[in-house]
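All remarks here apply to the structure that follows.
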Amino acid sequence: MNVNFRRLWQYSFAVAMLMFVIGIAIDFTDVTTYTRRMQGYMAEGDYAKALQVGERSDKTDRRLLLLRMEALDHEHLLGERLFIYPVIGRGGQLVHKGGDYELCAYLIDKNLTRFVAVLPKYYALDEQLPRHYREALVLYMHQHSNPAVVYHDNVMETDYKDMQQQERLYPDPKARQMVLSQNYGGTYWYYYDYLNK
């Protein structure tokens with residue numbers, strides 16, 4: 001049997017490229033569909049329904065992220081649920097909006113020092129803080145031996161220490177990230193350490 005390896009390689013390459021293009025098209029179609037559906041629900045004033053669109057998908061773009069942020073802000077959940085969705089890009093241009101947008105912009109950019117400096121302008125440092133803000137404060141406390149603010153949340157502290165313990169159990173980075181995404185995906189800690197690099 002005479003095998004033409006050059007021809008075989010050309011066919012393999014063509015199939016691989018076709019699969020790549022189809023994959024990109026599917027991703028684009030999903031994000032476009034999510035964007036249209038969210039815009040429709042938001043136009044109807046149904047922000048809660050809009051937040052369910054693509055909720056379990058890891059596909060996003062900047063426009064979809066901004067729509068989600070708008071819907072979360074409308075529902076007063078921006079600091080509570082932003083990082084359960086995929087977050088991409090930089091937050092800097094959101095700072096001028098103030099409030100939760102400003103705080104989340106610093107979190108997106110992983111600028112905990114600025115976040116901590118601005119947080120008391122909008123919130124009292126107590127257990128009523130939105131979830132992601134409490135997570136960010138716990139992380140900040142672990143990073144600084146002389147913190148600008150002092151914050152304690154026993155439940156969050158225990159959860160963060162559990163995450164750190166699980167990180168040490170998996171020396172392989174891919175296995176570690178997979179396990180942590182299952183147990184801590186949707187936390188600010190997971191975003192800070194593993195996403196939007």
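Simple scheme: letters A, B, ... for chains in structure tokens order, numbers from 1 for residues in each chain, numbers from 1 for ligands in the order shown.
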
Residues of region 20-186 of chain A in alpha helix (DSSP H) according to DSSP, as a count of residues only?
-> 107

Using only C-alpha atoms, pick whichever of A:Pro86, A:Gly79, A:Pro130, A:Gly40 has the shortest atom-to-atom distance to Arg56 (chain A).
->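 Going through A:Pro86, A:Gly79, A:Pro130, A:Gly40 one by one, the smallest distance to Arg56 (chain A) is for A:Pro86.
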
Contacts of region 154-165 of chain A at 8 Å or less, counting only C-alpha atoms, minus same-chain residues fewer than 6 places along, as JSON, numbers by chain?
-> {"A": [134, 135, 138, 139, 180, 184, 189]}

Calculate how many Å separate CA of Ser57 (chain A) from CA of Asp30 (chain A), rounding to one decimal.
->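 Distance reported for this atom pair: 9.0 Å.
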
Distance query Gly98 (chain A) at most 10 Å, only C-alpha atoms, self and fewer than 6 positions along chain excluded, as a VMD selection string = chain A and resid 104 to 105 118 122

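Using only C-alpha atoms, the smallest distance between any of A:His76, A:Lys110, A:Val31, A:Leu125 and Tyr194 (chain A) comes from A:Lys110.
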
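Restricting the calculation to only C-alpha atoms, the smallest distance between Ala124 (chain A) and any of A:Asp58, A:Val149, A:Leu169, A:Asn111 is found for A:Val149.
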
Please list as a short mmCIF file (atom, residue, chain, number, x, y, z; two decimals) with N, CA and C atoms, in the first residue's frame every residue within 8 Å of Phe83 (chain A), counting only C-alpha atoms and excluding residues in the same chain fewer than 2 positions away.
data_model
loop_
_atom_site.label_atom_id
_atom_site.label_comp_id
_atom_site.auth_asym_id
_atom_site.auth_seq_id
_atom_site.Cartn_x
_atom_site.Cartn_y
_atom_site.Cartn_z
N ARG A 81 -22.81 39.37 42.61
CA ARG A 81 -22.82 38.27 41.64
C ARG A 81 -21.97 38.47 40.39
N TYR A 85 -20.20 35.31 36.50
CA TYR A 85 -20.17 35.36 35.04
C TYR A 85 -18.72 35.50 34.59
N PRO A 86 -18.42 35.12 33.34
CA PRO A 86 -17.06 35.37 32.84
C PRO A 86 -16.82 36.88 32.72
N VAL A 87 -15.67 37.32 33.21
CA VAL A 87 -15.31 38.73 33.19
C VAL A 87 -14.03 38.87 32.39
N HIS A 132 -18.82 39.67 46.94
CA HIS A 132 -17.51 39.84 46.31
C HIS A 132 -16.66 40.88 47.03
N GLY A 186 -16.72 31.36 40.53
CA GLY A 186 -17.77 32.31 40.90
C GLY A 186 -17.40 33.14 42.12
N THR A 187 -16.24 32.84 42.73
CA THR A 187 -15.76 33.69 43.82
C THR A 187 -14.76 34.70 43.26
N TYR A 188 -14.59 35.78 43.98
CA TYR A 188 -13.59 36.75 43.57
C TYR A 188 -12.19 36.15 43.70
N TYR A 191 -11.38 34.25 40.56
CA TYR A 191 -11.13 35.23 39.49
C TYR A 191 -9.75 35.84 39.66
#
